[in-house]
$ cat run-v8.txt   # compact mmCIF, C-alpha atoms
# COMPACT_ATOMS: atom_id res chain seq x y z
CA MET K 1325 -20.16 -28.26 -1.01
CA ALA K 1326 -20.81 -27.35 2.58
CA THR K 1327 -17.97 -26.92 5.02
CA GLY K 1328 -18.75 -28.28 8.45
CA ASP K 1329 -17.52 -25.28 10.39
CA SER K 1330 -19.44 -22.07 9.88
CA SER K 1331 -16.57 -19.79 10.85
CA VAL K 1332 -14.23 -20.94 8.10
CA PHE K 1333 -13.62 -19.13 4.86
CA LEU K 1334 -11.69 -20.34 1.85
CA LEU K 1335 -9.23 -18.46 -0.30
CA MET K 1336 -8.37 -19.80 -3.73
CA LEU K 1337 -5.39 -18.51 -5.61
CA ALA K 1338 -4.73 -19.27 -9.24
CA GLY K 1339 -1.83 -17.45 -10.72
CA GLN K 1340 1.59 -17.57 -12.17
CA ILE K 1341 5.08 -16.31 -11.68
CA GLU K 1342 5.31 -14.75 -15.09
CA GLY K 1343 8.94 -13.81 -15.27
CA ALA K 1344 11.58 -11.41 -14.16
CA GLU K 1345 13.80 -8.50 -15.06
CA PHE K 1346 17.39 -8.76 -13.95
CA PRO K 1347 19.48 -6.63 -16.27
CA GLU K 1348 22.82 -7.90 -14.98
CA PHE K 1349 22.33 -11.66 -15.14
CA ASP K 1350 21.92 -14.28 -17.83
CA GLU K 1351 20.39 -17.26 -16.02
CA ILE K 1352 17.90 -17.09 -13.19
CA PHE K 1353 15.62 -19.48 -11.38
CA CYS K 1354 13.19 -18.74 -8.63
CA LYS K 1355 11.99 -20.46 -5.49
CA TYR K 1356 8.66 -19.53 -4.06
CA SER K 1357 7.06 -20.30 -0.72
CA PHE K 1358 4.00 -19.04 1.07
CA VAL K 1359 4.16 -17.67 4.59
CA TYR K 1360 0.90 -17.44 6.51
CA GLY K 1361 -0.43 -17.19 10.05
CA GLN K 1362 -1.34 -19.91 12.52
CA ASP K 1363 -5.03 -19.82 11.65
CA TRP K 1364 -4.35 -20.70 8.05
CA VAL K 1365 -4.18 -24.20 6.53
CA ILE K 1366 -3.49 -25.22 2.94
CA THR K 1367 -6.24 -27.51 1.73
CA SER K 1368 -4.85 -28.10 -1.73
CA GLY K 1369 -1.85 -27.09 -3.76
CA LEU K 1370 1.84 -26.72 -3.12
CA GLU K 1371 3.25 -24.50 -0.43
CA GLU K 1372 6.58 -24.12 -2.16
CA GLY K 1373 8.21 -24.80 -5.48
CA ILE K 1374 11.12 -24.10 -7.77
CA THR K 1375 10.92 -22.83 -11.31
CA GLN K 1376 13.01 -23.93 -14.24
CA ILE K 1377 16.30 -22.17 -14.95
CA ALA K 1378 15.43 -19.47 -17.41
CA ARG K 1379 17.70 -17.82 -19.87
CA ARG K 1380 17.04 -14.48 -21.46
CA GLY K 1381 15.23 -14.58 -24.78
CA ALA K 1382 17.39 -13.91 -27.81
CA ALA K 1383 15.15 -11.25 -29.26
CA ALA K 1384 13.65 -10.02 -26.03
CA GLU K 1385 14.69 -6.66 -24.73
CA ARG K 1386 17.54 -6.82 -22.27
CA GLY K 1387 16.35 -7.98 -18.89
CA GLY K 1388 13.40 -10.22 -19.70
CA PHE K 1389 13.18 -13.76 -18.29
CA THR K 1390 10.08 -15.92 -18.68
CA TRP K 1391 9.09 -18.61 -16.21
CA ASN K 1392 5.36 -18.93 -16.81
CA PHE K 1393 5.26 -20.95 -13.59
CA PRO K 1394 1.85 -21.90 -12.19
CA LEU K 1395 0.63 -21.17 -8.67
CA ASP K 1396 -2.47 -23.06 -7.55
CA VAL K 1397 -3.23 -23.02 -3.85
CA THR K 1398 -6.33 -23.05 -1.68
CA TRP K 1399 -6.31 -22.10 1.98
CA LYS K 1400 -8.89 -22.25 4.68
CA SER K 1401 -8.80 -19.95 7.64
CA THR K 1402 -10.86 -18.41 10.40
CA ASN K 1403 -9.09 -15.07 10.60
CA PRO K 1404 -7.67 -12.75 7.95
CA HIS K 1405 -4.75 -11.93 10.25
CA GLY K 1406 -1.74 -13.80 8.93
CA TRP K 1407 -2.97 -13.44 5.36
CA PRO K 1408 -0.63 -15.44 3.08
CA GLN K 1409 2.42 -13.79 1.63
CA LEU K 1410 4.32 -14.99 -1.39
CA VAL K 1411 8.06 -15.07 -0.72
CA LEU K 1412 10.22 -15.18 -3.83
CA SER K 1413 13.92 -15.88 -3.92
CA ALA K 1414 15.78 -15.72 -7.20
CA TYR K 1415 19.07 -17.50 -7.75
CA GLY K 1416 21.59 -17.57 -10.54
CA ARG K 1417 24.83 -19.35 -11.29
CA ASP K 1418 28.16 -17.65 -10.87
CA ALA K 1419 31.22 -18.32 -13.04
CA LEU K 1420 32.07 -21.47 -11.03
CA GLY K 1421 28.60 -22.92 -11.34
CA ARG K 1422 27.54 -22.20 -7.77
CA ASP K 1423 24.06 -20.99 -6.96
CA VAL K 1424 24.13 -17.40 -5.78
CA ALA K 1425 21.19 -15.45 -4.40
CA ARG K 1426 20.22 -12.73 -6.87
CA GLY K 1427 17.22 -11.36 -5.04
CA TYR K 1428 14.57 -11.84 -2.40
CA GLY K 1429 11.13 -10.36 -2.57
CA VAL K 1430 7.78 -10.57 -0.90
CA CYS K 1431 4.20 -9.55 -1.53
CA HIS K 1432 0.84 -10.30 0.02
CA VAL K 1433 -1.62 -12.47 -1.83
CA PRO K 1434 -4.06 -9.68 -2.76
CA PRO K 1435 -6.88 -9.61 -0.18
CA ALA K 1436 -9.60 -8.99 -2.75
CA PRO K 1437 -11.23 -11.19 -5.37
CA GLY K 1438 -10.37 -10.66 -8.99
CA ARG K 1439 -7.27 -10.41 -11.10
CA HIS K 1440 -4.21 -8.63 -9.80
CA ARG K 1441 -0.71 -8.17 -11.13
CA ARG K 1442 2.28 -7.35 -9.01
CA ARG K 1443 5.77 -6.27 -9.91
CA VAL K 1444 7.75 -7.43 -6.91
CA ALA K 1445 11.00 -5.58 -6.27
CA MET K 1446 13.89 -7.89 -5.37
CA PHE K 1447 16.83 -7.20 -3.09
CA VAL K 1448 19.88 -9.03 -1.75
CA PRO K 1449 21.36 -8.62 1.72
CA GLU K 1450 24.67 -6.83 2.01
CA SER K 1451 27.56 -7.49 4.36
CA THR K 1452 27.41 -5.08 7.25
CA SER K 1453 31.11 -4.92 8.10
CA LYS K 1454 34.15 -4.21 5.98
CA LEU K 1455 35.73 -7.49 7.13
CA GLN K 1456 32.74 -9.51 5.98
CA LYS K 1457 32.79 -7.63 2.68
CA LEU K 1458 36.43 -8.59 2.22
CA THR K 1459 35.96 -12.27 3.11
CA SER K 1460 32.87 -12.59 0.94
CA TRP K 1461 34.80 -11.02 -1.94
CA LEU K 1462 37.79 -13.36 -1.40
CA LEU K 1463 35.68 -16.50 -1.10
CA GLY K 1464 33.22 -15.43 -3.75
CA ARG K 1465 30.30 -16.12 -1.46
CA ARG K 1466 27.70 -13.41 -1.28
CA PRO K 1467 25.58 -13.05 1.86
CA GLU K 1468 22.20 -14.69 1.69
CA TYR K 1469 19.32 -15.43 4.04
CA VAL K 1470 19.41 -18.83 5.74
CA ASP K 1471 15.63 -18.74 5.71
CA PRO K 1472 14.18 -16.54 2.94
CA CYS K 1473 10.94 -16.29 4.89
CA VAL K 1474 12.43 -13.57 7.14
CA VAL K 1475 11.43 -11.09 4.47
CA ALA K 1476 7.78 -11.83 5.27
CA HIS K 1477 8.17 -10.70 8.88
CA GLY K 1478 8.31 -7.20 10.23
CA GLU K 1479 10.52 -7.86 13.24
CA GLY K 1480 14.26 -7.58 13.11
CA ARG K 1481 14.36 -5.93 9.73
CA GLU K 1482 16.23 -2.89 11.00
CA VAL K 1483 19.49 -4.85 11.25
CA THR K 1484 19.60 -5.77 7.58
CA ARG K 1485 21.15 -3.74 4.84
CA VAL K 1486 20.16 -4.62 1.32
CA ARG K 1487 20.79 -3.67 -2.26
CA SER K 1488 17.79 -3.81 -4.54
CA GLN K 1489 18.09 -5.11 -8.08
CA GLY K 1490 15.55 -6.52 -10.49
CA HIS K 1491 11.85 -7.30 -10.41
CA VAL K 1492 9.66 -10.38 -10.62
CA ALA K 1493 6.23 -10.19 -12.24
CA VAL K 1494 3.44 -12.21 -10.63
CA ALA K 1495 -0.21 -12.53 -11.65
CA PHE K 1496 -2.89 -13.50 -9.14
CA ASP K 1497 -6.47 -14.56 -9.67
CA ILE K 1498 -8.28 -14.63 -6.35
CA VAL K 1499 -11.57 -16.23 -5.36
CA ALA K 1500 -12.83 -16.17 -1.80
CA LYS K 1501 -15.63 -18.24 -0.31
CA ASP K 1502 -17.74 -17.29 2.72
CA LEU K 1503 -15.81 -14.12 3.51
CA LYS K 1504 -18.93 -12.06 3.09
CA LYS K 1505 -20.94 -14.58 5.08
CA LEU K 1506 -18.61 -14.05 8.03
CA GLY K 1507 -19.09 -10.30 7.79
CA TYR K 1508 -15.85 -9.48 5.98
CA ASP K 1509 -15.79 -6.90 3.23
CA THR K 1510 -12.95 -6.78 0.75
CA SER K 1511 -14.37 -4.23 -1.66
CA ALA K 1512 -16.45 -1.08 -1.47
CA GLN K 1513 -19.15 -2.65 -3.66
CA GLY K 1514 -19.43 -5.55 -1.25
CA LEU K 1515 -20.08 -3.22 1.63
CA ALA K 1516 -23.22 -1.94 -0.08
CA LEU K 1517 -24.73 -5.42 0.02
CA PRO K 1518 -26.08 -6.64 3.34
CA SER K 1519 -24.00 -9.49 4.69
CA GLU K 1520 -25.64 -12.71 5.75
CA THR K 1521 -24.77 -12.17 9.40
CA VAL K 1522 -26.98 -9.10 9.37
CA THR K 1523 -30.01 -11.01 8.23
CA VAL K 1524 -29.28 -13.79 10.74
CA ALA K 1525 -28.90 -11.27 13.53
CA ALA K 1526 -32.13 -9.59 12.52
CA SER K 1527 -34.12 -12.82 12.43
CA THR K 1528 -32.96 -14.09 15.82
CA MET N 687 -17.16 -4.50 17.55
CA ALA N 688 -16.32 -3.65 14.01
CA GLU N 689 -12.99 -4.95 12.86
CA LEU N 690 -10.42 -3.70 10.40
CA HIS N 691 -7.56 -5.66 8.92
CA ILE N 692 -4.71 -3.72 7.38
CA LEU N 693 -2.77 -6.09 5.12
CA GLY N 694 -0.03 -4.94 2.89
CA GLN N 695 3.40 -3.56 2.54
CA ILE N 696 5.46 -0.43 2.91
CA VAL N 697 6.87 -0.83 -0.56
CA GLY N 698 9.61 1.76 -0.53
CA ALA N 699 10.45 5.35 -1.25
CA SER N 700 11.71 7.54 -4.05
CA GLY N 701 12.66 11.13 -4.67
CA PHE N 702 15.05 11.58 -1.78
CA PRO N 703 18.38 13.34 -2.30
CA ASP N 704 20.45 10.25 -1.51
CA HIS N 705 20.24 6.45 -1.36
CA SER N 706 20.67 4.14 1.67
CA LEU N 707 17.31 4.92 3.19
CA PHE N 708 15.31 3.29 5.92
CA CYS N 709 12.07 4.14 7.58
CA LYS N 710 10.64 4.05 11.06
CA TRP N 711 6.90 3.67 10.85
CA GLY N 712 3.96 3.41 13.16
CA ILE N 713 0.19 3.39 13.12
CA HIS N 714 -1.60 5.91 15.30
CA ALA N 715 -5.26 5.41 16.13
CA GLY N 716 -7.76 6.98 18.48
CA GLY N 717 -8.73 5.68 21.90
CA ALA N 718 -11.67 3.64 20.64
CA TRP N 719 -9.36 1.50 18.53
CA LYS N 720 -7.63 -1.58 19.89
CA VAL N 721 -4.95 -3.67 18.25
CA LEU N 722 -5.92 -7.35 18.52
CA ALA N 723 -2.94 -8.76 16.66
CA GLY N 724 0.04 -7.65 14.64
CA LEU N 725 2.76 -5.05 14.89
CA ARG N 726 1.74 -1.41 14.89
CA GLU N 727 5.24 0.00 14.55
CA GLY N 728 8.57 -1.04 13.19
CA GLN N 729 11.69 -0.20 11.33
CA THR N 730 12.53 -1.27 7.81
CA GLN N 731 15.71 -2.51 6.26
CA VAL N 732 18.29 -0.14 4.80
CA ASP N 733 18.26 -0.27 1.03
CA ASN N 734 20.90 0.99 -1.33
CA PRO N 735 19.44 0.44 -4.81
CA GLN N 736 21.62 -0.81 -7.62
CA ASN N 737 19.96 0.83 -10.62
CA GLU N 738 16.94 2.87 -9.74
CA ASP N 739 16.02 5.85 -7.65
CA PHE N 740 13.72 3.72 -5.54
CA ALA N 741 14.58 2.31 -2.13
CA VAL N 742 12.92 -1.06 -1.62
CA TRP N 743 11.73 -1.79 1.90
CA ALA N 744 9.12 -4.50 1.21
CA HIS N 745 8.12 -4.24 4.84
CA PRO N 746 5.02 -6.32 5.57
CA VAL N 747 2.11 -4.87 7.53
CA ASP N 748 -0.60 -7.08 8.99
CA VAL N 749 -2.58 -5.42 11.77
CA HIS N 750 -5.94 -6.41 13.16
CA PHE N 751 -7.89 -3.54 14.71
CA ALA N 752 -11.18 -3.64 16.57
CA THR N 753 -13.09 -0.44 17.15
CA LYS N 754 -16.02 0.84 19.15
CA GLY N 755 -16.18 4.16 17.37
CA LEU N 756 -15.14 5.92 14.22
CA GLN N 757 -13.21 8.76 15.86
CA GLY N 758 -9.49 8.57 15.42
CA TRP N 759 -9.38 6.56 12.20
CA PRO N 760 -5.92 4.95 12.02
CA LYS N 761 -3.09 6.67 10.21
CA PHE N 762 0.41 5.71 9.27
CA HIS N 763 3.28 7.95 10.22
CA PHE N 764 6.76 7.69 8.83
CA GLN N 765 10.23 8.92 9.55
CA VAL N 766 12.60 8.39 6.67
CA TRP N 767 16.26 8.25 7.60
CA HIS N 768 19.41 8.18 5.59
CA GLN N 769 22.32 6.02 6.68
CA ASP N 770 25.72 7.14 5.44
CA THR N 771 28.79 4.97 4.84
CA PHE N 772 29.94 5.48 8.43
CA GLY N 773 26.66 4.15 9.77
CA ARG N 774 25.46 7.57 10.92
CA ASN N 775 21.77 8.25 10.59
CA GLU N 776 20.32 11.52 9.40
CA LEU N 777 16.67 12.45 9.30
CA TYR N 778 15.34 12.86 5.75
CA GLY N 779 11.64 13.27 6.18
CA TYR N 780 8.46 13.07 8.16
CA GLY N 781 5.09 12.16 6.77
CA PHE N 782 1.74 10.69 7.59
CA CYS N 783 -1.20 9.31 5.66
CA HIS N 784 -4.59 8.05 6.68
CA VAL N 785 -5.58 4.46 6.17
CA PRO N 786 -8.25 4.63 3.42
CA THR N 787 -11.84 4.41 4.62
CA SER N 788 -13.00 1.92 2.03
CA PRO N 789 -12.22 -1.78 1.80
CA GLY N 790 -10.21 -3.16 -1.08
CA ILE N 791 -6.76 -2.63 -2.47
CA HIS N 792 -5.17 0.78 -2.33
CA GLU N 793 -1.89 2.19 -3.53
CA LEU N 794 -0.90 5.18 -1.49
CA GLU N 795 1.83 7.74 -1.81
CA CYS N 796 2.84 9.72 1.21
CA ALA N 797 4.75 12.92 0.53
CA THR N 798 7.29 13.79 3.19
CA TRP N 799 8.93 16.94 4.46
CA ARG N 800 11.74 17.84 6.78
CA PRO N 801 12.27 20.82 9.04
CA VAL N 802 14.56 23.59 7.83
CA GLY N 803 16.56 25.56 10.35
CA SER N 804 18.13 28.98 10.35
CA LEU N 805 20.84 29.93 7.87
CA ARG N 806 23.52 29.03 10.39
CA GLU N 807 21.98 25.62 11.00
CA GLN N 808 21.71 25.03 7.27
CA ILE N 809 25.38 25.83 6.77
CA SER N 810 26.46 23.55 9.60
CA GLN N 811 24.16 20.83 8.22
CA TYR N 812 25.75 21.21 4.80
CA PHE N 813 29.27 20.67 6.14
CA LEU N 814 28.72 18.37 9.09
CA GLY N 815 25.58 16.47 8.15
CA GLY N 816 22.82 15.58 10.56
CA GLY N 817 19.29 16.75 9.99
CA LEU N 818 17.10 18.78 12.29
CA GLN N 819 14.53 16.73 14.13
CA LEU N 820 11.25 17.58 15.75
CA ARG N 821 11.39 17.62 19.53
CA ASN N 822 7.84 16.31 19.58
CA PRO N 823 7.28 13.79 16.74
CA ASP N 824 3.52 13.76 17.41
CA LEU N 825 3.48 16.92 15.30
CA VAL N 826 3.77 14.69 12.25
CA TYR N 827 0.17 13.56 12.52
CA SER N 828 -1.42 16.43 14.44
CA GLY N 829 -2.46 19.77 13.02
CA VAL N 830 -1.87 21.90 16.08
CA ASP N 831 1.37 23.79 16.67
CA ARG N 832 2.54 23.43 13.10
CA TYR N 833 2.61 27.15 12.40
CA LYS N 834 6.02 28.86 12.45
CA LEU N 835 7.66 25.60 11.36
CA HIS N 836 9.73 25.94 8.19
CA THR N 837 9.94 22.82 6.09
CA GLN N 838 11.29 21.54 2.84
CA ALA N 839 9.72 18.98 0.52
CA MET N 840 11.40 15.58 0.40
CA GLY N 841 10.57 12.32 -1.37
CA LYS N 842 7.56 10.05 -1.33
CA VAL N 843 6.87 6.85 0.57
CA GLN N 844 4.88 4.25 -1.32
CA LEU N 845 2.39 1.93 0.35
CA HIS N 846 0.39 -0.96 -0.97
CA LEU N 847 -2.52 -1.82 1.31
CA GLY N 848 -5.36 -4.29 1.21
CA LEU N 849 -8.12 -3.46 3.65
CA VAL N 850 -10.61 -5.98 4.94
CA PHE N 851 -13.51 -4.62 6.98
CA ARG N 852 -15.71 -6.70 9.21
CA ASN N 853 -19.19 -5.92 10.51
CA PHE N 854 -19.07 -2.26 9.54
CA ASP N 855 -22.45 -2.61 7.88
CA LYS N 856 -23.84 -4.44 10.89
CA TYR N 857 -23.15 -1.40 13.05
CA GLY N 858 -24.55 0.95 10.46
CA MET N 859 -21.22 2.46 9.44
CA GLU N 860 -21.09 3.61 5.86
CA CYS N 861 -17.68 3.63 4.27
$ encode --input "run-v8.txt" --output "structure tokens"
Amino acid sequence: MATGDSSVFLLMLAGQIEGAEFPEFDEIFCKYSFVYGQDWVITSGLEEGITQIARRGAAAERGGFTWNFPLDVTWKSTNPHGWPQLVLSAYGRDALGRDVARGYGVCHVPPAPGRHRRRVAMFVPESTSKLQKLTSWLLGRRPEYVDPCVVAHGEGREVTRVRSQGHVAVAFDIVAKDLKKLGYDTSAQGLALPSETVTVAAST
Amino acid sequence: MAELHILGQIVGASGFPDHSLFCKWGIHAGGAWKVLAGLREGQTQVDNPQNEDFAVWAHPVDVHFATKGLQGWPKFHFQVWHQDTFGRNELYGYGFCHVPTSPGIHELECATWRPVGSLREQISQYFLGGGLQLRNPDLVYSGVDRYKLHTQAMGKVQLHLGLVFRNFDKYGMEC
């Protein structure tokens, strides 16, 4: 299949949110969304989703949740800048049945073909003032991000205080198309091979 | 021009004497290197871990460099700070590490150090807090003028980087 534009490359991600470790909680579900730059467009697959509500296995060691939740997305882009990031936000129910944020986490979609596994550390924002701490304790509402995608950006992070707890395990299988043709190298082995732009440049 | 994409994350840090850590980071590169897009410095969140001796920063890095020459290969430099319960910040460590010179995925660990003062300064630091700082932070990533400096080992900063190179082979650069 030929793409019309010669400066476009494709990135295919097949993977899964395998599960999580949250030693303190009994029920957890997870929202995921991808954050990517302006040059990137999803050509197939879902940009965001929500897993089932998982309960800890009876026999499993303390802390293990299984989601086994599929990720299948393909992007096209002209520029690796703004490479997609997977933003995870885990929620659980409190004693009154309300959804409470249990952790936010982020990782880049690995910029290299092949299989990769990531153990994403999760963290929740903390109240910054004693008054907010008191009101959140009285009302039973913990601070959370209005937009979880802030964790995928580098600006404005210095104002947040967080407490880290738990991990989410994610597996990625990555296939890229035409990256090498556009002169991009994502592995040391690839650099040893001449890229197609070299041969084109030599022949013209 | 050859291009370099640094994609990844400042994952966090471990091995420091206390929790509630944050990090000021930057990327230093030689004169031949230009940043086309992305942030080349920043400050992470303050993390106070619940269970582990590992501060999570999860600070994304996505920088697009273009270069005309190899001199001055980019390097990360870090300042790790500790924030106490009163909101006061104290320096916990300096460190630098080079961006790897091969494409692909790399996990890096950057060991850090902090300056140690005279006995009197150490005693006042013990009771009053507040770490000694370098007057000239460029010292972190330069080798000159380091002699006579007394330092102490601190924790390690962990980085997870994916490097994408472009047109290095076209210009005959071997990485």
$ interface_residues --input "run-v8.txt" --of "chain N" --to "chain K" --cutoff "6 Å" --atoms "all atoms listed in the file" --output "number ranges by chain"
N: 729-736, 746, 788-790, 848, 850-853, 856
$ closest_residue --input "run-v8.txt" --among "K:Pro1467, K:Pro1472, K:Gly1361, K:Gly1339" --to "Lys1400 of chain K" --atoms "all atoms listed in the file"
K:Gly1361
$ residues_around --input "run-v8.txt" --residues "Tyr778 of chain N" --least-positions-apart "5" --cutoff "12 Å" --atoms "all atoms listed in the file" --output "ChimeraX atom specification"
/N:699-710,764-770,797-802,815-820,837-843
$ closest_residue --input "run-v8.txt" --among "K:Trp1461, K:Phe1393, K:Phe1333, K:Trp1364" --to "Ala1495 of chain K" --atoms "all atoms listed in the file"
K:Phe1393
$ residues_around --input "run-v8.txt" --residues "Pro1394 of chain K" --least-positions-apart "2" --cutoff "8 Å" --atoms "all atoms listed in the file" --output "ChimeraX atom specification"
/K:1338-1341,1392,1396
$ atom_distance --input "run-v8.txt" --atom1 "atom CA of Asp855 of chain N" --atom2 "atom CA of Gln695 of chain N"
26.4 Å
$ atom_distance --input "run-v8.txt" --atom1 "atom CA of Ala715 of chain N" --atom2 "atom CA of Leu693 of chain N"
16.1 Å
$ residues_around --input "run-v8.txt" --residues "Ala718 of chain N" --least-positions-apart "5" --cutoff "10 Å" --atoms "all atoms listed in the file" --output "ChimeraX atom specification"
/N:752-759
$ residues_around --input "run-v8.txt" --residues "His750 of chain N" --least-positions-apart "6" --cutoff "7 Å" --atoms "only C-alpha atoms" --output "list in words"
His1405 of chain K; Leu690, His691, Ile692, Val721, Leu722, Ala723 and Gly724 of chain N
$ closest_residue --input "run-v8.txt" --among "K:Arg1443, K:Arg1417, K:Glu1468, K:Trp1399" --to "Asp1363 of chain K" --atoms "all atoms listed in the file"
K:Trp1399
$ atom_distance --input "run-v8.txt" --atom1 "atom CA of Ser828 of chain N" --atom2 "atom CA of Gly779 of chain N"
15.8 Å
$ decode --input "run-v8.txt" --residues "segment 1416-1431 of chain K" --atoms "N, CA, C and O atoms" --output "mmCIF file, in the first residue's frame"
data_model
loop_
_atom_site.group_PDB
_atom_site.id
_atom_site.type_symbol
_atom_site.label_atom_id
_atom_site.label_comp_id
_atom_site.auth_asym_id
_atom_site.auth_seq_id
_atom_site.Cartn_x
_atom_site.Cartn_y
_atom_site.Cartn_z
ATOM 1 N N GLY K 1416 -10.250 4.348 41.819
ATOM 2 C CA GLY K 1416 -10.857 3.312 42.648
ATOM 3 C C GLY K 1416 -12.069 3.892 43.342
ATOM 4 O O GLY K 1416 -12.315 5.096 43.284
ATOM 5 N N ARG K 1417 -12.819 3.040 43.997
ATOM 6 C CA ARG K 1417 -14.000 3.505 44.726
ATOM 7 C C ARG K 1417 -13.641 3.710 46.183
ATOM 8 O O ARG K 1417 -12.935 2.900 46.767
ATOM 9 N N ASP K 1418 -14.166 4.778 46.777
ATOM 10 C CA ASP K 1418 -13.981 4.915 48.218
ATOM 11 C C ASP K 1418 -15.162 4.275 48.937
ATOM 12 O O ASP K 1418 -16.032 3.663 48.309
ATOM 13 N N ALA K 1419 -15.219 4.419 50.266
ATOM 14 C CA ALA K 1419 -16.236 3.718 51.054
ATOM 15 C C ALA K 1419 -17.651 4.135 50.663
ATOM 16 O O ALA K 1419 -18.603 3.373 50.839
ATOM 17 N N LEU K 1420 -17.824 5.351 50.118
ATOM 18 C CA LEU K 1420 -19.156 5.824 49.736
ATOM 19 C C LEU K 1420 -19.462 5.567 48.268
ATOM 20 O O LEU K 1420 -20.436 6.070 47.739
ATOM 21 N N GLY K 1421 -18.596 4.835 47.605
ATOM 22 C CA GLY K 1421 -18.871 4.486 46.218
ATOM 23 C C GLY K 1421 -18.491 5.552 45.208
ATOM 24 O O GLY K 1421 -18.876 5.475 44.050
ATOM 25 N N ARG K 1422 -17.741 6.564 45.657
ATOM 26 C CA ARG K 1422 -17.323 7.603 44.714
ATOM 27 C C ARG K 1422 -16.002 7.219 44.073
ATOM 28 O O ARG K 1422 -15.171 6.567 44.711
ATOM 29 N N ASP K 1423 -15.831 7.659 42.832
ATOM 30 C CA ASP K 1423 -14.565 7.387 42.148
ATOM 31 C C ASP K 1423 -13.494 8.350 42.655
ATOM 32 O O ASP K 1423 -13.692 9.561 42.651
ATOM 33 N N VAL K 1424 -12.398 7.798 43.075
ATOM 34 C CA VAL K 1424 -11.293 8.605 43.593
ATOM 35 C C VAL K 1424 -10.047 8.286 42.777
ATOM 36 O O VAL K 1424 -9.787 7.120 42.453
ATOM 37 N N ALA K 1425 -9.292 9.328 42.431
ATOM 38 C CA ALA K 1425 -8.059 9.109 41.684
ATOM 39 C C ALA K 1425 -7.048 8.384 42.567
ATOM 40 O O ALA K 1425 -6.780 8.791 43.690
ATOM 41 N N ARG K 1426 -6.505 7.284 42.065
ATOM 42 C CA ARG K 1426 -5.519 6.514 42.814
ATOM 43 C C ARG K 1426 -4.122 6.662 42.225
ATOM 44 O O ARG K 1426 -3.154 6.198 42.804
ATOM 45 N N GLY K 1427 -4.049 7.229 41.027
ATOM 46 C CA GLY K 1427 -2.722 7.408 40.453
ATOM 47 C C GLY K 1427 -2.778 7.889 39.019
ATOM 48 O O GLY K 1427 -3.700 7.553 38.278
ATOM 49 N N TYR K 1428 -1.803 8.728 38.679
ATOM 50 C CA TYR K 1428 -1.609 9.152 37.301
ATOM 51 C C TYR K 1428 -0.209 8.732 36.897
ATOM 52 O O TYR K 1428 0.700 8.733 37.719
ATOM 53 N N GLY K 1429 -0.080 8.395 35.625
ATOM 54 C CA GLY K 1429 1.246 8.011 35.153
ATOM 55 C C GLY K 1429 1.359 8.285 33.677
ATOM 56 O O GLY K 1429 0.349 8.454 32.978
ATOM 57 N N VAL K 1430 2.578 8.335 33.206
ATOM 58 C CA VAL K 1430 2.799 8.630 31.796
ATOM 59 C C VAL K 1430 4.052 7.910 31.324
ATOM 60 O O VAL K 1430 4.991 7.704 32.095
ATOM 61 N N CYS K 1431 4.025 7.460 30.061
ATOM 62 C CA CYS K 1431 5.260 6.997 29.444
ATOM 63 C C CYS K 1431 5.151 7.203 27.938
ATOM 64 O O CYS K 1431 4.056 7.239 27.389
#
